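Asker: What follows is a structure written as structure tokens; I'll ask about it next.
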Amino acid sequence: MNIDNYKAYISAETMMGPNSVRILAELFDKYPLHLAPDDRILDLGCGKGLTSLVIAKETGARVFANDLWISAEENGKRFVKWGVGEQITPVCEDANNLHFEKKQFRALISIDSYHYFAGSKGFFQEKILPFMEDDGEILIGIPGLKDEYSGCAEELLSDWLGDDSYMFKSPKLWKELIGGNDRIELVETWEMDCFSEAWGDWLATNNKFALGDRQHFEAIIKPYTCFVGIYIKLKKAL
């Protein structure tokens, strides 16, 4: 995937944190998705739709762009403006209470959002797995703690994140939280390589939240955190 193809869309207006397109690009390069136009992908926690645009362009599949904080109407207008209105369906639902058909999605992608709602054991099996097709794939990229600091999130990150520091977990802990299931073939977690570039893009903007992050980057964010990559492969139907 060539990130330069999307530079015109990446801005302080469309970003809601470290550059989600860079995170997505690393996931796609490591685990390419080979999909057909009639396959359906759930972009869970799509923000202002930037990742949904890239997913649609890169895969050619049908994308359902779901976010709780950004309305379906607002994202729908953006998708029409970007020329992908017929390929992307905007949705505004809580990840804990999704209303899709069972086994509707061939793939699920979640960038910089999964940690907000999925940090309890059993969440994946109960809230996500029912909507996934057999032989489906899940790609997740989220901020987290480096493995060496596992279990120290509140101690290390509270000055930056306050009460939200508990959401940051290590790659090893995320693998444990996802757990196993008779439909799951493989779970891989790792510390992603795009940390510096994705953060650099975000901190270079004049977004007010980026300005706040700048104050903590060298002392807290850079030494203790990472981006956690998660890949889940589901088994084929028997």
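Ligands are numbered from 1 in the order shown, chains are lettered A, B, ... in the order of the structure tokens, and residues start at 1 in each chain.
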If we count only C-alpha atoms, what is near Gly47 in chain A at a cut-off of 10 Å, once residues fewer than 4 positions away on the same chain are taken out, given as a ChimeraX atom specification?
Answerer: /A:14-17,20,43,51-52,65-71,75,111-113
Asker: Just to be explicit: take each residue in the selection above, keep all heavy atoms, and write the result as a compact mmCIF listing (two decimals), in the first residue's frame.
Answerer:
# COMPACT_ATOMS: atom_id res chain seq x y z
N THR A 14 -9.33 15.45 9.54
CA THR A 14 -9.74 14.05 9.43
C THR A 14 -9.03 13.13 10.43
O THR A 14 -9.53 12.06 10.74
CB THR A 14 -9.47 13.51 8.01
OG1 THR A 14 -8.08 13.68 7.69
CG2 THR A 14 -10.33 14.24 6.99
N MET A 15 -7.87 13.54 10.94
CA MET A 15 -7.17 12.72 11.95
C MET A 15 -7.77 12.98 13.32
O MET A 15 -8.12 14.09 13.66
CB MET A 15 -5.67 13.04 11.96
CG MET A 15 -4.90 12.45 10.81
SD MET A 15 -3.10 12.44 11.10
CE MET A 15 -2.74 14.20 11.08
N MET A 16 -7.84 11.91 14.12
CA MET A 16 -8.32 12.03 15.49
C MET A 16 -7.27 11.51 16.47
O MET A 16 -7.58 11.21 17.63
CB MET A 16 -9.65 11.29 15.65
CG MET A 16 -10.78 11.87 14.81
SD MET A 16 -12.34 10.99 14.98
CE MET A 16 -12.81 11.42 16.66
N GLY A 17 -6.05 11.38 15.99
CA GLY A 17 -4.94 10.86 16.78
C GLY A 17 -3.80 10.55 15.83
O GLY A 17 -3.80 11.01 14.68
N SER A 20 -3.77 7.35 11.34
CA SER A 20 -4.40 6.04 11.21
C SER A 20 -4.08 5.37 9.88
O SER A 20 -4.11 4.14 9.78
CB SER A 20 -5.92 6.18 11.35
OG SER A 20 -6.45 7.07 10.39
N ASP A 43 -15.47 -1.55 9.46
CA ASP A 43 -14.46 -0.65 10.00
C ASP A 43 -15.00 -0.15 11.33
O ASP A 43 -15.84 0.74 11.37
CB ASP A 43 -14.20 0.51 9.03
CG ASP A 43 -13.07 1.43 9.50
OD1 ASP A 43 -12.40 1.09 10.49
OD2 ASP A 43 -12.86 2.48 8.86
N THR A 51 -10.00 5.96 7.57
CA THR A 51 -9.63 4.56 7.37
C THR A 51 -10.62 3.85 6.44
O THR A 51 -10.22 3.01 5.63
CB THR A 51 -9.56 3.81 8.70
OG1 THR A 51 -10.75 4.04 9.47
CG2 THR A 51 -8.35 4.27 9.51
N SER A 52 -11.88 4.21 6.53
CA SER A 52 -12.89 3.57 5.66
C SER A 52 -12.62 3.86 4.20
O SER A 52 -12.76 2.99 3.34
CB SER A 52 -14.28 4.07 6.05
OG SER A 52 -14.58 3.80 7.39
N ALA A 65 -18.86 1.56 7.80
CA ALA A 65 -18.04 2.45 8.61
C ALA A 65 -18.79 2.82 9.88
O ALA A 65 -19.71 3.65 9.85
CB ALA A 65 -17.68 3.70 7.81
N ASN A 66 -18.42 2.21 10.98
CA ASN A 66 -19.14 2.41 12.23
C ASN A 66 -18.33 3.24 13.23
O ASN A 66 -17.15 2.97 13.46
CB ASN A 66 -19.47 1.07 12.89
CG ASN A 66 -20.28 1.26 14.16
OD1 ASN A 66 -21.50 1.47 14.11
ND2 ASN A 66 -19.63 1.20 15.32
N ASP A 67 -18.99 4.25 13.81
CA ASP A 67 -18.37 5.01 14.88
C ASP A 67 -19.45 5.51 15.83
O ASP A 67 -20.56 5.84 15.39
CB ASP A 67 -17.57 6.20 14.32
CG ASP A 67 -16.59 6.76 15.34
OD1 ASP A 67 -15.48 6.21 15.43
OD2 ASP A 67 -16.94 7.71 16.06
N LEU A 68 -19.14 5.57 17.11
CA LEU A 68 -20.10 6.02 18.10
C LEU A 68 -20.09 7.54 18.24
O LEU A 68 -21.13 8.14 18.52
CB LEU A 68 -19.78 5.37 19.46
CG LEU A 68 -20.68 5.75 20.63
CD1 LEU A 68 -22.13 5.33 20.37
CD2 LEU A 68 -20.17 5.12 21.93
N TRP A 69 -18.94 8.17 18.03
CA TRP A 69 -18.79 9.60 18.31
C TRP A 69 -19.13 10.48 17.11
O TRP A 69 -19.50 11.64 17.28
CB TRP A 69 -17.36 9.90 18.74
CG TRP A 69 -16.96 9.24 20.02
CD1 TRP A 69 -17.80 8.70 20.96
CD2 TRP A 69 -15.63 9.05 20.52
NE1 TRP A 69 -17.07 8.19 22.00
CE2 TRP A 69 -15.74 8.38 21.76
CE3 TRP A 69 -14.37 9.37 20.03
CZ2 TRP A 69 -14.62 8.03 22.52
CZ3 TRP A 69 -13.26 9.02 20.78
CH2 TRP A 69 -13.39 8.37 22.01
N ILE A 70 -18.98 9.95 15.90
CA ILE A 70 -19.24 10.73 14.68
C ILE A 70 -20.52 10.20 14.04
O ILE A 70 -20.65 9.00 13.81
CB ILE A 70 -18.07 10.64 13.69
CG1 ILE A 70 -16.74 10.96 14.38
CG2 ILE A 70 -18.32 11.56 12.50
CD1 ILE A 70 -16.65 12.36 14.95
N SER A 71 -21.44 11.08 13.73
CA SER A 71 -22.74 10.63 13.22
C SER A 71 -22.62 10.01 11.83
O SER A 71 -21.72 10.35 11.06
CB SER A 71 -23.72 11.80 13.17
OG SER A 71 -23.39 12.69 12.13
N ASN A 75 -20.48 11.45 8.43
CA ASN A 75 -19.56 10.62 7.66
C ASN A 75 -20.09 10.34 6.26
O ASN A 75 -19.34 10.30 5.29
CB ASN A 75 -19.27 9.31 8.39
CG ASN A 75 -18.11 9.44 9.36
OD1 ASN A 75 -17.28 10.34 9.25
ND2 ASN A 75 -18.05 8.54 10.34
N ILE A 111 -8.90 0.64 13.85
CA ILE A 111 -7.69 1.43 14.02
C ILE A 111 -7.89 2.47 15.11
O ILE A 111 -8.81 3.30 15.03
CB ILE A 111 -7.29 2.13 12.69
CG1 ILE A 111 -7.20 1.10 11.54
CG2 ILE A 111 -5.97 2.88 12.88
CD1 ILE A 111 -6.16 0.03 11.73
N ASP A 112 -7.04 2.43 16.14
CA ASP A 112 -7.02 3.43 17.20
C ASP A 112 -8.37 3.57 17.89
O ASP A 112 -8.79 4.69 18.25
CB ASP A 112 -6.55 4.79 16.66
CG ASP A 112 -6.10 5.74 17.78
OD1 ASP A 112 -5.91 5.26 18.90
OD2 ASP A 112 -5.98 6.96 17.52
N SER A 113 -9.07 2.45 18.09
CA SER A 113 -10.37 2.55 18.76
C SER A 113 -10.70 1.32 19.60
O SER A 113 -11.43 1.44 20.60
CB SER A 113 -11.49 2.77 17.73
OG SER A 113 -11.55 1.70 16.83
Asker: Which residues, written as a list of chain:residue names, have at least one atom at most 8 Å from Ser170 in chain A, with only C-alpha atoms counted and residues fewer than 2 positions away on the same chain left out?
Answerer: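 Everything that qualifies: A:Gly144, A:Leu145, A:Lys146, A:Asp147, A:Tyr149, A:Ser150, A:Phe168, A:Lys172, A:Leu173, A:Trp174, A:Val228.
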Asker: Given the choices A:Phe131, A:Trp82, A:Trp160, A:Phe209, which gets closest to Lys102 in chain A if the distance is worked out from only C-alpha atoms?
Answerer: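 Closest to Lys102 in chain A, using only C-alpha atoms: A:Phe131.
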Asker: Compile the contact shell of Asp213 in chain A as a short mmCIF file (atom, residue, chain, number, x, y, z; two decimals) with all heavy atoms, in the first residue's frame: residues with an atom at most 12 Å away, counting only C-alpha atoms, same-chain residues fewer than 3 positions apart removed.
Answerer:
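File produced: selection36.cif:
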data_model
loop_
_atom_site.label_atom_id
_atom_site.label_comp_id
_atom_site.auth_asym_id
_atom_site.auth_seq_id
_atom_site.Cartn_x
_atom_site.Cartn_y
_atom_site.Cartn_z
N MET A 16 -7.84 11.91 14.12
CA MET A 16 -8.32 12.03 15.49
C MET A 16 -7.27 11.51 16.47
O MET A 16 -7.58 11.21 17.63
CB MET A 16 -9.65 11.29 15.65
CG MET A 16 -10.78 11.87 14.81
SD MET A 16 -12.34 10.99 14.98
CE MET A 16 -12.81 11.42 16.66
N GLY A 17 -6.05 11.38 15.99
CA GLY A 17 -4.94 10.86 16.78
C GLY A 17 -3.80 10.55 15.83
O GLY A 17 -3.80 11.01 14.68
N PRO A 18 -2.81 9.79 16.28
CA PRO A 18 -1.70 9.40 15.40
C PRO A 18 -2.22 8.88 14.07
O PRO A 18 -3.27 8.23 14.01
CB PRO A 18 -0.98 8.32 16.21
CG PRO A 18 -1.25 8.70 17.63
CD PRO A 18 -2.65 9.25 17.64
N LEU A 157 1.25 6.18 32.99
CA LEU A 157 0.53 7.02 32.03
C LEU A 157 -0.49 7.97 32.64
O LEU A 157 -1.11 8.75 31.92
CB LEU A 157 -0.20 6.13 31.01
CG LEU A 157 0.63 5.04 30.31
CD1 LEU A 157 -0.24 4.30 29.30
CD2 LEU A 157 1.85 5.63 29.63
N ASP A 159 -0.39 10.71 34.34
CA ASP A 159 -0.19 12.15 34.13
C ASP A 159 -0.66 12.59 32.76
O ASP A 159 -1.04 13.75 32.55
CB ASP A 159 1.29 12.52 34.31
CG ASP A 159 1.74 12.50 35.75
OD1 ASP A 159 0.86 12.41 36.64
OD2 ASP A 159 2.95 12.54 36.00
N TRP A 160 -0.63 11.67 31.82
CA TRP A 160 -1.06 11.96 30.44
C TRP A 160 -2.53 11.63 30.23
O TRP A 160 -3.31 12.44 29.72
CB TRP A 160 -0.19 11.17 29.46
CG TRP A 160 -0.62 11.21 28.03
CD1 TRP A 160 -1.09 12.28 27.33
CD2 TRP A 160 -0.61 10.11 27.11
NE1 TRP A 160 -1.38 11.92 26.03
CE2 TRP A 160 -1.09 10.59 25.86
CE3 TRP A 160 -0.22 8.78 27.20
CZ2 TRP A 160 -1.19 9.79 24.74
CZ3 TRP A 160 -0.33 7.97 26.07
CH2 TRP A 160 -0.81 8.48 24.85
N LEU A 161 -2.95 10.44 30.66
CA LEU A 161 -4.29 9.95 30.34
C LEU A 161 -5.26 10.00 31.50
O LEU A 161 -6.46 9.78 31.29
CB LEU A 161 -4.18 8.49 29.85
CG LEU A 161 -3.38 8.25 28.57
CD1 LEU A 161 -3.27 6.76 28.30
CD2 LEU A 161 -4.02 8.96 27.39
N TRP A 199 2.96 9.04 14.97
CA TRP A 199 2.92 10.09 15.98
C TRP A 199 3.44 11.41 15.42
O TRP A 199 2.90 12.49 15.72
CB TRP A 199 3.72 9.69 17.21
CG TRP A 199 2.91 9.01 18.26
CD1 TRP A 199 2.94 7.69 18.61
CD2 TRP A 199 1.93 9.63 19.12
NE1 TRP A 199 2.04 7.45 19.62
CE2 TRP A 199 1.41 8.61 19.95
CE3 TRP A 199 1.45 10.92 19.24
CZ2 TRP A 199 0.43 8.87 20.90
CZ3 TRP A 199 0.46 11.18 20.19
CH2 TRP A 199 -0.03 10.16 21.01
N GLY A 200 4.49 11.35 14.62
CA GLY A 200 5.06 12.56 14.04
C GLY A 200 4.05 13.32 13.19
O GLY A 200 3.97 14.56 13.26
N TRP A 202 0.82 13.31 13.51
CA TRP A 202 -0.21 13.86 14.40
C TRP A 202 0.31 15.09 15.15
O TRP A 202 -0.35 16.14 15.20
CB TRP A 202 -0.65 12.78 15.38
CG TRP A 202 -1.53 13.22 16.52
CD1 TRP A 202 -1.24 13.11 17.85
CD2 TRP A 202 -2.86 13.78 16.45
NE1 TRP A 202 -2.28 13.56 18.61
CE2 TRP A 202 -3.29 13.98 17.79
CE3 TRP A 202 -3.69 14.14 15.41
CZ2 TRP A 202 -4.53 14.53 18.09
CZ3 TRP A 202 -4.94 14.68 15.71
CH2 TRP A 202 -5.34 14.87 17.03
N LEU A 203 1.50 14.99 15.71
CA LEU A 203 2.05 16.08 16.51
C LEU A 203 2.39 17.31 15.67
O LEU A 203 2.52 18.41 16.21
CB LEU A 203 3.28 15.61 17.27
CG LEU A 203 3.04 14.49 18.30
CD1 LEU A 203 4.35 14.08 18.96
CD2 LEU A 203 2.02 14.91 19.35
N ALA A 204 2.52 17.13 14.37
CA ALA A 204 2.83 18.25 13.48
C ALA A 204 1.60 19.10 13.16
O ALA A 204 1.72 20.19 12.60
CB ALA A 204 3.45 17.74 12.18
N THR A 205 0.40 18.61 13.53
CA THR A 205 -0.82 19.37 13.26
C THR A 205 -1.09 20.39 14.35
O THR A 205 -0.50 20.34 15.44
CB THR A 205 -2.05 18.44 13.14
OG1 THR A 205 -2.38 17.94 14.45
CG2 THR A 205 -1.77 17.28 12.21
N ASN A 206 -2.03 21.27 14.10
CA ASN A 206 -2.44 22.26 15.09
C ASN A 206 -3.72 21.85 15.82
O ASN A 206 -4.37 22.67 16.45
CB ASN A 206 -2.64 23.62 14.44
CG ASN A 206 -1.33 24.25 14.02
OD1 ASN A 206 -0.33 24.14 14.75
ND2 ASN A 206 -1.31 24.90 12.87
N ASN A 207 -4.06 20.56 15.71
CA ASN A 207 -5.22 20.06 16.45
C ASN A 207 -4.99 20.27 17.95
O ASN A 207 -3.90 20.03 18.47
CB ASN A 207 -5.39 18.57 16.14
CG ASN A 207 -6.62 17.98 16.78
OD1 ASN A 207 -6.70 17.85 17.99
ND2 ASN A 207 -7.58 17.60 15.95
N LYS A 208 -6.02 20.71 18.66
CA LYS A 208 -5.83 21.05 20.08
C LYS A 208 -5.45 19.83 20.91
O LYS A 208 -4.71 19.96 21.91
CB LYS A 208 -7.11 21.69 20.64
CG LYS A 208 -8.32 20.78 20.69
CD LYS A 208 -9.52 21.51 21.31
CE LYS A 208 -10.74 20.60 21.39
NZ LYS A 208 -11.90 21.30 22.02
N PHE A 209 -5.91 18.64 20.51
CA PHE A 209 -5.54 17.44 21.25
C PHE A 209 -4.09 17.06 20.96
O PHE A 209 -3.39 16.54 21.84
CB PHE A 209 -6.48 16.29 20.90
CG PHE A 209 -7.90 16.54 21.32
CD1 PHE A 209 -8.87 16.84 20.39
CD2 PHE A 209 -8.26 16.51 22.67
CE1 PHE A 209 -10.19 17.09 20.78
CE2 PHE A 209 -9.56 16.75 23.07
CZ PHE A 209 -10.52 17.04 22.12
N ALA A 210 -3.63 17.32 19.75
CA ALA A 210 -2.23 17.07 19.41
C ALA A 210 -1.32 17.99 20.23
O ALA A 210 -0.24 17.58 20.68
CB ALA A 210 -2.00 17.27 17.92
N HIS A 216 3.54 15.61 26.54
CA HIS A 216 3.84 14.35 27.22
C HIS A 216 4.62 13.37 26.35
O HIS A 216 4.97 12.28 26.83
CB HIS A 216 2.53 13.67 27.64
CG HIS A 216 1.71 14.49 28.60
ND1 HIS A 216 2.04 14.66 29.92
CD2 HIS A 216 0.57 15.21 28.41
CE1 HIS A 216 1.15 15.43 30.52
NE2 HIS A 216 0.24 15.78 29.61
N PHE A 217 4.91 13.75 25.11
CA PHE A 217 5.47 12.76 24.19
C PHE A 217 6.84 12.25 24.63
O PHE A 217 7.06 11.04 24.72
CB PHE A 217 5.57 13.34 22.77
CG PHE A 217 6.03 12.32 21.76
CD1 PHE A 217 5.17 11.32 21.34
CD2 PHE A 217 7.32 12.35 21.25
CE1 PHE A 217 5.58 10.36 20.43
CE2 PHE A 217 7.75 11.39 20.34
CZ PHE A 217 6.87 10.40 19.93
N GLU A 218 7.78 13.13 24.90
CA GLU A 218 9.14 12.70 25.23
C GLU A 218 9.24 12.02 26.58
O GLU A 218 10.01 11.05 26.74
CB GLU A 218 10.09 13.91 25.18
CG GLU A 218 10.31 14.47 23.78
CD GLU A 218 11.01 13.49 22.85
OE1 GLU A 218 11.76 12.63 23.34
OE2 GLU A 218 10.79 13.59 21.62
N ALA A 219 8.46 12.46 27.55
CA ALA A 219 8.57 11.93 28.90
C ALA A 219 7.75 10.67 29.15
O ALA A 219 8.14 9.81 29.95
CB ALA A 219 8.17 13.00 29.92
N ILE A 220 6.61 10.53 28.45
CA ILE A 220 5.70 9.42 28.74
C ILE A 220 5.41 8.56 27.51
O ILE A 220 5.62 7.35 27.51
CB ILE A 220 4.37 9.94 29.32
CG1 ILE A 220 4.63 10.66 30.65
CG2 ILE A 220 3.38 8.79 29.52
CD1 ILE A 220 3.39 11.30 31.26
N ILE A 221 4.92 9.20 26.45
CA ILE A 221 4.42 8.45 25.29
C ILE A 221 5.54 7.67 24.61
O ILE A 221 5.41 6.46 24.37
CB ILE A 221 3.74 9.40 24.29
CG1 ILE A 221 2.56 10.11 24.95
CG2 ILE A 221 3.28 8.64 23.05
CD1 ILE A 221 1.97 11.25 24.13
N LYS A 222 6.62 8.33 24.31
CA LYS A 222 7.72 7.69 23.57
C LYS A 222 8.40 6.57 24.34
O LYS A 222 8.62 5.49 23.78
CB LYS A 222 8.73 8.75 23.14
CG LYS A 222 9.86 8.23 22.28
CD LYS A 222 10.77 9.38 21.86
CE LYS A 222 11.94 8.89 21.02
NZ LYS A 222 12.82 10.04 20.62
#
Asker: Using only C-alpha atoms, which of A:Glu185, A:Glu176, A:Glu74, A:Asp163 sits nearest Leu234 in chain A?
Answerer: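 Using only C-alpha atoms, Leu234 in chain A sits closest to A:Glu185.
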Asker: Which of range 18-237 of chain A counts as alpha helix (DSSP H) under DSSP, as an MDAnalysis selection string please?
Answerer: chainID A and resid 20:30 50:59 72:81 114:117 123 153:161 171:178 195:203 208:216 222:224
Asker: Can you pull out every residue within 8 Å of Ile138 in chain A, counting only C-alpha atoms, but drop anything in the same chain fewer than 3 positions away, and send it as a compact mmCIF listing (two decimals) with N, CA and C atoms, in the first residue's frame?
Answerer:
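Resulting contents of part_14.txt:
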# COMPACT_ATOMS: atom_id res chain seq x y z
N ALA A 107 -14.29 -9.49 6.82
CA ALA A 107 -13.15 -8.94 7.54
C ALA A 107 -13.62 -7.83 8.47
N LEU A 108 -12.85 -7.61 9.52
CA LEU A 108 -13.07 -6.49 10.43
C LEU A 108 -11.74 -5.78 10.63
N ILE A 109 -11.79 -4.45 10.59
CA ILE A 109 -10.60 -3.64 10.82
C ILE A 109 -10.95 -2.59 11.86
N ILE A 230 -2.72 -6.43 16.02
CA ILE A 230 -3.43 -7.68 16.33
C ILE A 230 -3.97 -8.27 15.03
N TYR A 231 -3.68 -9.53 14.80
CA TYR A 231 -4.23 -10.24 13.64
C TYR A 231 -4.92 -11.50 14.14
N ILE A 232 -6.16 -11.68 13.72
CA ILE A 232 -6.94 -12.86 14.09
C ILE A 232 -7.45 -13.53 12.83
N LYS A 233 -7.17 -14.79 12.70
CA LYS A 233 -7.64 -15.59 11.57
C LYS A 233 -8.65 -16.61 12.06
Asker: Hey, can you check how far CA of Pro32 in chain A sits from CA of Arg62 in chain A?
Answerer: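 Calculated distance between CA of Pro32 in chain A and CA of Arg62 in chain A is 16.3 Å.
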Asker: Have a look at A:Glu188, A:Asp94, A:Glu154, A:Asp193 and name the one nearest to Tyr116 in chain A; count only C-alpha atoms.
Answerer: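 Going through A:Glu188, A:Asp94, A:Glu154, A:Asp193 one by one, the smallest distance to Tyr116 in chain A is for A:Asp94.
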Asker: Using only C-alpha atoms, which of A:Gly60, A:Pro223, A:Gly85, A:Pro171 sits nearest Pro37 in chain A?
Answerer: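 Nearest to Pro37 in chain A: A:Gly60.
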